[in-house]
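Colleague: What follows is run_8.tsv, TSV, C-alpha atoms and all ligand atoms.
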```tsv
chain	number	residue	atom	x	y	z
U	17	MET	CA	88.21	127.78	-151.42
U	18	ASN	CA	86.02	124.98	-152.70
U	19	SER	CA	83.21	125.67	-150.28
U	20	ARG	CA	81.00	128.24	-148.62
U	21	PRO	CA	82.50	130.44	-145.87
U	22	ASP	CA	80.45	128.74	-143.16
U	23	GLN	CA	81.72	125.30	-144.13
U	24	PRO	CA	84.90	123.96	-142.53
U	25	LEU	CA	88.14	123.84	-144.49
U	26	ARG	CA	89.27	120.20	-144.61
U	27	LEU	CA	92.87	119.55	-143.54
U	28	GLY	CA	94.21	116.16	-144.60
U	29	THR	CA	96.58	114.69	-142.01
U	30	ARG	CA	98.36	111.49	-141.11
U	31	ARG	CA	97.22	109.80	-137.92
U	32	SER	CA	100.50	109.68	-136.01
U	33	LYS	CA	100.86	111.73	-132.86
U	34	LEU	CA	103.52	113.87	-134.58
U	35	ALA	CA	101.35	114.53	-137.65
U	36	MET	CA	98.27	115.25	-135.54
U	37	SER	CA	100.22	117.73	-133.44
U	38	GLN	CA	101.63	119.49	-136.52
U	39	SER	CA	98.25	119.58	-138.21
U	40	GLY	CA	96.55	120.77	-135.02
U	41	HIS	CA	98.87	123.76	-134.78
U	42	VAL	CA	98.45	124.68	-138.43
U	43	ALA	CA	94.66	124.21	-138.18
U	44	GLU	CA	94.60	126.69	-135.30
U	45	ALA	CA	96.67	129.21	-137.25
U	46	VAL	CA	94.46	128.83	-140.35
U	47	ARG	CA	91.34	129.36	-138.22
U	48	ALA	CA	92.92	132.53	-136.88
U	49	VAL	CA	93.75	134.02	-140.29
U	50	THR	CA	90.63	132.91	-142.21
U	51	GLY	CA	87.96	132.98	-139.52
U	52	ARG	CA	86.82	129.64	-140.94
U	53	PRO	CA	86.43	126.41	-139.00
U	54	VAL	CA	89.03	123.75	-139.89
U	55	GLU	CA	88.27	120.04	-139.77
U	56	LEU	CA	91.00	117.36	-139.60
U	57	VAL	CA	90.56	114.48	-142.06
U	58	GLU	CA	92.73	111.46	-141.17
U	59	ILE	CA	94.47	109.68	-144.03
U	60	THR	CA	96.61	106.55	-143.81
U	61	THR	CA	99.81	106.49	-145.88
U	62	TYR	CA	101.92	103.55	-146.99
U	63	GLY	CA	104.73	104.79	-144.73
U	64	ASP	CA	102.43	104.38	-141.72
U	65	VAL	CA	101.29	100.86	-142.57
U	66	SER	CA	104.52	99.27	-143.80
U	67	ARG	CA	106.93	97.68	-141.31
U	68	GLU	CA	109.75	97.73	-143.86
U	69	HIS	CA	112.77	99.92	-143.34
U	70	LEU	CA	112.43	103.25	-145.12
U	71	ALA	CA	115.54	102.65	-147.21
U	72	GLN	CA	113.89	99.46	-148.54
U	73	ILE	CA	110.54	101.04	-149.36
U	74	GLY	CA	112.57	103.25	-151.64
U	75	GLY	CA	112.61	106.49	-149.80
U	76	THR	CA	110.96	109.56	-151.14
U	77	GLY	CA	107.35	110.26	-150.71
U	78	VAL	CA	106.04	107.28	-148.76
U	79	PHE	CA	104.41	109.57	-146.19
U	80	VAL	CA	103.03	112.13	-148.62
U	81	THR	CA	101.56	110.29	-151.61
U	82	ALA	CA	98.23	109.43	-150.00
U	83	LEU	CA	97.80	113.00	-148.73
U	84	ARG	CA	98.51	114.39	-152.18
U	85	ASP	CA	96.10	111.95	-153.79
U	86	ALA	CA	93.38	113.16	-151.41
U	87	LEU	CA	94.14	116.77	-152.36
U	88	VAL	CA	94.00	116.07	-156.08
U	89	ARG	CA	90.73	114.11	-155.68
U	90	GLY	CA	89.24	117.08	-153.81
U	91	GLU	CA	88.66	115.08	-150.62
U	92	VAL	CA	90.59	117.64	-148.58
U	93	ASP	CA	91.37	121.34	-149.12
U	94	PHE	CA	94.93	121.41	-147.79
U	95	ALA	CA	97.54	119.19	-146.16
U	96	VAL	CA	100.50	119.60	-143.81
U	97	HIS	CA	103.75	117.71	-144.43
U	98	SER	CA	107.10	117.58	-142.66
U	99	LEU	CA	109.28	119.26	-145.26
U	100	LYS	CA	112.03	116.72	-144.87
U	101	ASP	CA	109.65	113.97	-145.98
U	102	LEU	CA	108.61	115.87	-149.11
U	103	PRO	CA	110.20	114.90	-152.44
U	104	THR	CA	112.06	117.77	-154.14
U	105	THR	CA	109.91	117.51	-157.27
U	106	GLN	CA	106.66	119.46	-156.99
U	107	PRO	CA	103.58	118.14	-158.83
U	108	ASP	CA	102.16	120.79	-161.21
U	109	GLU	CA	98.67	120.68	-159.74
U	110	LEU	CA	99.84	121.40	-156.17
U	111	VAL	CA	101.64	124.31	-154.49
U	112	ILE	CA	103.30	124.82	-151.13
U	113	ALA	CA	101.20	127.79	-150.06
U	114	ALA	CA	103.08	128.27	-146.79
U	115	MET	CA	106.24	127.27	-145.00
U	116	PRO	CA	105.64	128.47	-141.43
U	117	LYS	CA	108.55	129.51	-139.20
U	118	ARG	CA	110.86	126.58	-138.66
U	119	GLU	CA	111.28	124.78	-135.35
U	120	ASP	CA	114.67	123.66	-133.97
U	121	PRO	CA	116.38	121.98	-136.97
U	122	ARG	CA	118.84	119.92	-134.87
U	123	ASP	CA	118.96	116.23	-134.23
U	124	ALA	CA	118.57	115.21	-130.60
U	125	LEU	CA	119.98	112.29	-128.65
U	126	VAL	CA	117.79	110.42	-126.19
U	127	ALA	CA	120.24	108.27	-124.22
U	128	ARG	CA	120.08	106.12	-121.10
U	129	ASP	CA	121.21	107.67	-117.82
U	130	GLY	CA	121.17	111.19	-119.24
U	131	LEU	CA	124.29	110.57	-121.35
U	132	THR	CA	125.44	113.07	-123.95
U	133	PHE	CA	126.94	111.84	-127.24
U	134	GLU	CA	130.44	112.53	-125.91
U	135	GLN	CA	129.70	110.46	-122.82
U	136	LEU	CA	128.49	107.38	-124.71
U	137	PRO	CA	130.86	104.45	-124.10
U	138	ASP	CA	132.93	102.87	-126.86
U	139	GLY	CA	130.75	100.42	-128.78
U	140	ALA	CA	127.47	102.06	-127.69
U	141	ARG	CA	124.41	100.90	-129.62
U	142	VAL	CA	122.66	103.90	-131.19
U	143	GLY	CA	119.30	103.54	-132.89
U	144	THR	CA	119.01	105.12	-136.32
U	145	GLY	CA	118.42	103.76	-139.80
U	146	SER	CA	119.06	107.10	-141.46
U	147	PRO	CA	122.13	107.00	-143.74
U	148	ARG	CA	122.63	110.74	-143.11
U	149	ARG	CA	122.73	110.24	-139.36
U	150	MET	CA	124.85	107.08	-139.59
U	151	ALA	CA	127.51	108.76	-141.72
U	152	GLN	CA	127.80	111.82	-139.51
U	153	LEU	CA	127.44	110.04	-136.15
U	154	ASN	CA	130.13	107.52	-137.10
U	155	ALA	CA	132.44	110.38	-138.10
U	156	TYR	CA	131.63	112.31	-134.90
U	157	ALA	CA	132.36	109.25	-132.76
U	158	LYS	CA	135.64	108.66	-134.56
U	159	GLY	CA	136.68	112.24	-133.81
U	160	LEU	CA	136.07	111.46	-130.14
U	161	GLY	CA	138.28	108.37	-130.38
U	162	LYS	CA	135.53	105.78	-130.14
U	163	ARG	CA	133.18	103.67	-132.21
U	164	ILE	CA	129.42	103.43	-132.05
U	165	GLU	CA	127.20	100.74	-133.50
U	166	CYS	CA	124.27	102.15	-135.46
U	167	VAL	CA	121.19	99.93	-135.28
U	168	ALA	CA	118.42	100.43	-137.85
U	169	ILE	CA	115.08	100.97	-136.14
U	170	ARG	CA	111.70	102.14	-137.37
U	171	GLY	CA	108.47	103.26	-135.84
U	172	ASN	CA	107.07	106.46	-134.49
U	173	VAL	CA	108.91	108.68	-132.04
U	174	ASP	CA	107.41	106.99	-128.95
U	175	THR	CA	108.37	103.54	-130.24
U	176	ARG	CA	111.94	104.64	-130.90
U	177	ILE	CA	112.41	106.11	-127.43
U	178	GLN	CA	111.03	102.89	-125.93
U	179	PHE	CA	114.07	100.96	-127.26
U	180	VAL	CA	116.17	103.03	-124.85
U	181	ARG	CA	113.74	102.73	-121.94
U	182	ASP	CA	113.69	98.92	-122.44
U	183	GLY	CA	117.49	98.77	-122.34
U	184	GLU	CA	117.80	97.44	-125.89
U	185	LEU	CA	119.76	100.46	-127.08
U	186	ASP	CA	122.03	102.96	-125.36
U	187	ALA	CA	120.53	105.85	-127.32
U	188	VAL	CA	118.38	106.89	-130.25
U	189	VAL	CA	118.72	109.95	-132.47
U	190	LEU	CA	115.59	111.85	-133.44
U	191	ALA	CA	114.69	115.26	-134.81
U	192	ALA	CA	114.42	117.74	-131.93
U	193	ALA	CA	111.41	119.30	-133.67
U	194	GLY	CA	109.55	116.00	-133.59
U	195	LEU	CA	110.28	115.50	-129.88
U	196	ASN	CA	109.15	119.03	-129.13
U	197	ARG	CA	105.98	118.71	-131.16
U	198	ILE	CA	104.81	115.63	-129.26
U	199	GLY	CA	105.74	117.21	-125.92
U	200	ARG	CA	108.78	115.00	-125.17
U	201	GLY	CA	111.50	117.57	-125.85
U	202	ASP	CA	112.64	117.43	-122.22
U	203	GLU	CA	113.72	113.80	-122.70
U	204	ALA	CA	116.55	114.79	-125.05
U	205	THR	CA	119.84	114.19	-123.23
U	206	ASP	CA	121.87	116.04	-125.88
U	207	LEU	CA	121.10	118.42	-128.73
U	208	LEU	CA	123.63	117.66	-131.45
U	209	SER	CA	125.40	120.78	-132.66
U	210	VAL	CA	124.98	121.33	-136.39
U	211	ASP	CA	128.77	121.69	-136.45
U	212	ASN	CA	128.88	117.92	-135.88
U	213	VAL	CA	125.64	116.67	-137.41
U	214	LEU	CA	123.85	118.59	-140.15
U	215	PRO	CA	120.09	117.96	-140.22
U	216	ALA	CA	118.14	116.65	-143.18
U	217	PRO	CA	117.22	119.34	-145.71
U	218	GLY	CA	114.01	120.96	-144.43
U	219	GLN	CA	114.17	119.31	-141.01
U	220	GLY	CA	112.03	121.10	-138.45
U	221	ALA	CA	110.00	122.92	-141.11
U	222	LEU	CA	106.48	122.26	-142.36
U	223	ALA	CA	104.88	122.56	-145.79
U	224	VAL	CA	101.24	123.59	-146.12
U	225	GLU	CA	100.07	122.37	-149.51
U	226	CYS	CA	96.92	122.91	-151.56
U	227	LEU	CA	95.70	122.84	-155.17
U	228	ALA	CA	97.49	125.28	-157.48
U	229	SER	CA	94.06	126.28	-158.83
U	230	ASP	CA	92.72	127.28	-155.40
U	231	THR	CA	93.94	130.89	-155.55
U	232	GLU	CA	91.76	132.14	-152.72
U	233	LEU	CA	93.07	129.48	-150.34
U	234	ILE	CA	96.67	130.06	-151.51
U	235	THR	CA	96.34	133.72	-150.51
U	236	ALA	CA	94.83	132.85	-147.12
U	237	LEU	CA	97.43	130.16	-146.31
U	238	GLY	CA	100.18	132.49	-147.53
U	239	ARG	CA	99.71	134.54	-144.38
U	240	LEU	CA	101.34	131.67	-142.45
U	241	ASP	CA	104.44	131.76	-144.64
U	242	ASP	CA	107.80	132.71	-143.12
U	243	PRO	CA	109.96	134.07	-145.99
U	244	TYR	CA	113.25	133.34	-144.20
U	245	THR	CA	112.28	129.72	-143.59
U	246	ARG	CA	111.18	129.41	-147.21
U	247	ALA	CA	114.48	130.84	-148.51
U	248	ALA	CA	116.54	128.55	-146.26
U	249	VAL	CA	114.58	125.38	-147.00
U	250	THR	CA	114.46	126.12	-150.72
U	251	ALA	CA	118.27	126.42	-150.80
U	252	GLU	CA	118.67	123.18	-148.80
U	253	ARG	CA	116.29	121.31	-151.09
U	254	ALA	CA	117.96	122.70	-154.22
U	255	LEU	CA	121.23	121.28	-152.88
U	256	LEU	CA	119.59	117.89	-152.30
U	257	ALA	CA	117.97	117.86	-155.75
U	258	ALA	CA	121.19	118.87	-157.48
U	259	LEU	CA	123.01	116.03	-155.74
U	260	GLU	CA	120.25	113.83	-157.18
U	261	ALA	CA	119.63	112.31	-153.82
U	262	GLY	CA	116.44	111.07	-152.24
U	263	CYS	CA	115.36	111.54	-148.63
U	264	SER	CA	117.10	108.33	-147.57
U	265	ALA	CA	120.48	109.40	-148.98
U	266	PRO	CA	123.28	110.51	-146.65
U	267	VAL	CA	122.84	114.23	-147.34
U	268	GLY	CA	122.69	116.84	-144.59
U	269	ALA	CA	122.08	120.52	-145.21
U	270	LEU	CA	121.28	123.65	-143.25
U	271	ALA	CA	120.90	127.27	-144.27
U	272	ASP	CA	121.00	129.75	-141.42
U	273	GLY	CA	122.75	132.95	-140.47
U	274	GLN	CA	124.50	134.67	-137.62
U	275	ILE	CA	124.86	137.93	-139.52
U	276	VAL	CA	121.92	140.11	-140.60
U	277	ASN	CA	121.15	139.85	-144.33
U	278	GLU	CA	123.55	136.96	-144.75
U	279	MET	CA	122.71	133.29	-145.23
U	280	ARG	CA	125.18	130.46	-144.85
U	281	LEU	CA	124.35	127.15	-146.50
U	282	ARG	CA	126.22	124.11	-145.25
U	283	GLY	CA	126.05	120.68	-146.86
U	284	VAL	CA	127.48	117.23	-146.18
U	285	VAL	CA	127.53	113.83	-147.84
U	286	GLY	CA	129.51	110.88	-146.67
U	287	THR	CA	130.06	107.19	-146.59
U	288	LEU	CA	127.85	105.34	-144.13
U	289	ASP	CA	130.82	104.38	-141.96
U	290	GLY	CA	131.76	108.05	-141.66
U	291	SER	CA	135.29	107.44	-142.89
U	292	THR	CA	134.88	110.06	-145.64
U	293	LEU	CA	132.72	113.17	-145.49
U	294	VAL	CA	132.49	115.95	-148.04
U	295	GLN	CA	131.39	118.99	-146.07
U	296	LEU	CA	131.30	122.48	-147.56
U	297	SER	CA	129.60	125.78	-146.98
U	298	THR	CA	128.84	128.89	-148.95
U	299	THR	CA	127.67	132.30	-147.77
U	300	GLY	CA	125.70	134.98	-149.55
U	301	PRO	CA	122.95	137.55	-149.14
U	302	VAL	CA	119.64	136.14	-147.86
U	303	PRO	CA	117.87	135.01	-151.07
U	304	GLN	CA	115.00	137.32	-151.97
U	305	SER	CA	113.37	135.05	-154.53
U	306	TYR	CA	112.86	131.39	-155.35
U	307	ASP	CA	115.47	131.63	-158.11
U	308	GLU	CA	118.09	133.13	-155.79
U	309	ALA	CA	117.48	130.43	-153.18
U	310	MET	CA	117.72	127.70	-155.82
U	311	ALA	CA	120.96	129.22	-157.12
U	312	LEU	CA	122.52	129.17	-153.63
U	313	GLY	CA	121.75	125.45	-153.28
U	314	ARG	CA	122.93	124.54	-156.76
U	315	GLU	CA	126.16	126.48	-156.37
U	316	LEU	CA	127.07	124.51	-153.24
U	317	ALA	CA	126.04	121.24	-154.89
U	318	ASP	CA	128.38	121.95	-157.80
U	319	GLU	CA	131.25	122.54	-155.40
U	320	MET	CA	130.45	119.34	-153.52
U	321	LEU	CA	130.23	117.33	-156.74
U	322	ALA	CA	133.60	118.72	-157.78
U	323	LYS	CA	134.97	117.38	-154.49
U	324	GLY	CA	133.67	113.88	-155.22
U	325	ALA	CA	130.23	113.94	-153.58
U	326	ALA	CA	128.60	111.76	-156.25
U	327	GLY	CA	130.94	108.84	-155.65
U	328	LEU	CA	130.10	108.83	-151.95
U	329	MET	CA	126.38	108.60	-152.51
U	330	GLY	CA	126.61	105.54	-154.71
U	331	GLU	CA	126.72	103.24	-151.71
U	332	ARG	CA	123.50	104.51	-150.16
U	333	SER	CA	121.69	101.19	-150.57
U	334	LEU	CA	124.16	99.43	-148.25
U	401	LIG	N1	111.34	110.84	-141.13
U	401	LIG	C1	110.34	110.94	-140.12
U	401	LIG	C2	110.20	112.33	-139.59
U	401	LIG	N2	109.72	113.31	-140.38
U	401	LIG	C3	109.76	114.49	-139.66
U	401	LIG	C4	110.26	114.20	-138.40
U	401	LIG	C5	110.49	115.16	-137.32
U	401	LIG	C6	110.02	116.55	-137.49
U	401	LIG	C7	110.73	117.36	-138.55
U	401	LIG	O1	111.91	117.15	-138.87
U	401	LIG	O2	110.09	118.28	-139.05
U	401	LIG	C8	110.53	112.83	-138.34
U	401	LIG	C9	111.04	112.07	-137.18
U	401	LIG	C10	112.52	112.10	-136.97
U	401	LIG	O3	113.31	112.18	-137.92
U	401	LIG	O4	112.96	112.01	-135.81
```
Represent the structure contained in this file as structure tokens.
Ligand SMILES: NCc1[nH]cc(CCC(=O)O)c1CC(=O)O

Modeller:
Amino acid sequence: MNSRPDQPLRLGTRRSKLAMSQSGHVAEAVRAVTGRPVELVEITTYGDVSREHLAQIGGTGVFVTALRDALVRGEVDFAVHSLKDLPTTQPDELVIAAMPKREDPRDALVARDGLTFEQLPDGARVGTGSPRRMAQLNAYAKGLGKRIECVAIRGNVDTRIQFVRDGELDAVVLAAAGLNRIGRGDEATDLLSVDNVLPAPGQGALAVECLASDTELITALGRLDDPYTRAAVTAERALLAALEAGCSAPVGALADGQIVNEMRLRGVVGTLDGSTLVQLSTTGPVPQSYDEAMALGRELADEMLAKGAAGLMGERSL
């Protein structure tokens, strides 16, 4: 593990409140399973510094590159990422040693006056720059016989909620997991059913990453792994990768199950205006290996591509 047992394990983390909360929880769990002290090492990423919209920065990896560089340089022993921010390609020198049990995967609405999505007035201004959310929220609104205006916003969770508190927006849409992790989950005025809005692949789940050569640490961190979460997220990410889409593309996916030993993978892509969505699902036994989980995701991607998914994603830079 790169150091003597009495020395702290170094956990590389972003500085944001969300990242610090995620890292704090994982640090505590790692302390519990290893008996070793864990020290948080703060690292600034380009995604934290830049004021550009994520779609303009070019999507994948803006939050993780600096953390990975620190791992490869040996400045930290392990790092915690939000899985939905992690590119689907895995560098050879790093491994995801654990995917702990996933939090609530849903998107949440934080609206003025306690409004639910259904209660939003026609023409409501809703803060989100995510193509995935825009496509599905526009379609959801249309099904309710109204229009919403999606307004691209950036910033951390607190900043986004402030747009609503200041009266600049009627609502913002955020990951429920993020709200919960920073202790603001009770401010959600609606939790969006995954029947209406599928989350980003991996949303609500964390990746604990370390050097592929650090076998002792991989074994220790592995005790935090939740195999069901790993199977689900692997299938969702296989779908995303097979659709050749980055994290800023309008792709939603969720693998879950109501029936024991069965996993249902749902996927969606759409046009940003929500006028066309390709939404499909496939069901099979809970994958028992990486290969089985990958196969589940690829199978659904093939069906979605056959239904014209690729054409819909072409306009993602709009
Ligand atoms: N893209 C930013 C990001 N990355 C992870 C989360 C929330 C926590 C998670 O999904 O694990 C968020 C904020 C949001 O989308 O509201």

Colleague: Give the residues close to ligand LIG 401 (chain U), within 7 Å, counting only C-alpha atoms and all ligand atoms; write them as a PyMOL selection string.

Modeller: chain U and resi 98-101+121+173+189-191+193-194+219-222

Colleague: Would you mind exporting C-alpha atoms of the selected residues as a PDB file, in the coordinates of the input?

Modeller:
```
ATOM      1  CA  SER U  98     107.100 117.580-142.660  1.00  0.00           C
ATOM      2  CA  LEU U  99     109.280 119.260-145.260  1.00  0.00           C
ATOM      3  CA  LYS U 100     112.030 116.720-144.870  1.00  0.00           C
ATOM      4  CA  ASP U 101     109.650 113.970-145.980  1.00  0.00           C
ATOM      5  CA  PRO U 121     116.380 121.980-136.970  1.00  0.00           C
ATOM      6  CA  VAL U 173     108.910 108.680-132.040  1.00  0.00           C
ATOM      7  CA  VAL U 189     118.720 109.950-132.470  1.00  0.00           C
ATOM      8  CA  LEU U 190     115.590 111.850-133.440  1.00  0.00           C
ATOM      9  CA  ALA U 191     114.690 115.260-134.810  1.00  0.00           C
ATOM     10  CA  ALA U 193     111.410 119.300-133.670  1.00  0.00           C
ATOM     11  CA  GLY U 194     109.550 116.000-133.590  1.00  0.00           C
ATOM     12  CA  GLN U 219     114.170 119.310-141.010  1.00  0.00           C
ATOM     13  CA  GLY U 220     112.030 121.100-138.450  1.00  0.00           C
ATOM     14  CA  ALA U 221     110.000 122.920-141.110  1.00  0.00           C
ATOM     15  CA  LEU U 222     106.480 122.260-142.360  1.00  0.00           C
TER      16      LEU U 222
END
```

Colleague: Please indicate the distance in Å from CA of Leu185 in chain U to CA of Leu328 in chain U, rounded to one decimal place.

Modeller: 28.2 Å

Colleague: If I take CA of Thr292 in chain U and CA of Ala204 in chain U, how far is one from the other in Å, to one decimal?

Modeller: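 Taking CA of Thr292 in chain U and CA of Ala204 in chain U, their separation equals 28.0 Å.
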
Colleague: Counting only C-alpha atoms, which residue out of U:Ala48, U:Ala192, U:Cys226, U:Ala140 sits closest to Val92 in chain U?

Modeller: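 Of all the options, U:Cys226 lies closest to Val92 in chain U.
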
Colleague: Need the shell around Gly300 in chain U: protein/DNA/RNA residues with any atom at most 8 Å away, counting all atoms listed in the file. Skip same-chain ones fewer than 5 positions apart. Format as a PyMOL selection string?

Modeller: chain U and resi 278-280+312

Colleague: For Asp22 in chain U, please output as a PDB file with C-alpha atoms, keeping the file's coordinate frame all residues within 10 Å (counting all atoms listed in the file; exclusion window: fewer than 5 positions along the same chain).

Modeller:
```
ATOM      1  CA  GLY U  51      87.960 132.980-139.520  1.00  0.00           C
ATOM      2  CA  ARG U  52      86.820 129.640-140.940  1.00  0.00           C
ATOM      3  CA  PRO U  53      86.430 126.410-139.000  1.00  0.00           C
TER       4      PRO U  53
END
```

Colleague: Between range 271-309 of chain U and range 165-170 of chain U, at 12 Å or less, what are the per-residue closest atom pairs and their distances in Å? Count all atoms listed in the file, order by chain and rising residue number, and return it as a Markdown table.

Modeller:
```
| residue | atom | partner | partner_atom | distance |
| --- | --- | --- | --- | --- |
| U:Leu288 | CA | U:Cys166 | CA | 9.9 |
| U:Asp289 | CA | U:Cys166 | CA | 9.5 |
| U:Gly290 | CA | U:Cys166 | CA | 11.4 |
```

Colleague: Would you list the residues near (95.1, 118.0, -135.4) (no more than 9 Å away, in the coordinates of the file, using only C-alpha atoms) as a PDB file with C-alpha atoms, in the frame of the given file?

Modeller:
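Below you can see selection.pdb, which holds the result:
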```
ATOM      1  CA  LEU U  27      92.870 119.550-143.540  1.00  0.00           C
ATOM      2  CA  THR U  29      96.580 114.690-142.010  1.00  0.00           C
ATOM      3  CA  ARG U  31      97.220 109.800-137.920  1.00  0.00           C
ATOM      4  CA  LYS U  33     100.860 111.730-132.860  1.00  0.00           C
ATOM      5  CA  ALA U  35     101.350 114.530-137.650  1.00  0.00           C
ATOM      6  CA  MET U  36      98.270 115.250-135.540  1.00  0.00           C
ATOM      7  CA  SER U  37     100.220 117.730-133.440  1.00  0.00           C
ATOM      8  CA  GLN U  38     101.630 119.490-136.520  1.00  0.00           C
ATOM      9  CA  SER U  39      98.250 119.580-138.210  1.00  0.00           C
ATOM     10  CA  GLY U  40      96.550 120.770-135.020  1.00  0.00           C
ATOM     11  CA  HIS U  41      98.870 123.760-134.780  1.00  0.00           C
ATOM     12  CA  VAL U  42      98.450 124.680-138.430  1.00  0.00           C
ATOM     13  CA  ALA U  43      94.660 124.210-138.180  1.00  0.00           C
ATOM     14  CA  GLU U  44      94.600 126.690-135.300  1.00  0.00           C
ATOM     15  CA  GLU U  55      88.270 120.040-139.770  1.00  0.00           C
ATOM     16  CA  LEU U  56      91.000 117.360-139.600  1.00  0.00           C
ATOM     17  CA  VAL U  57      90.560 114.480-142.060  1.00  0.00           C
TER      18      VAL U  57
END
```
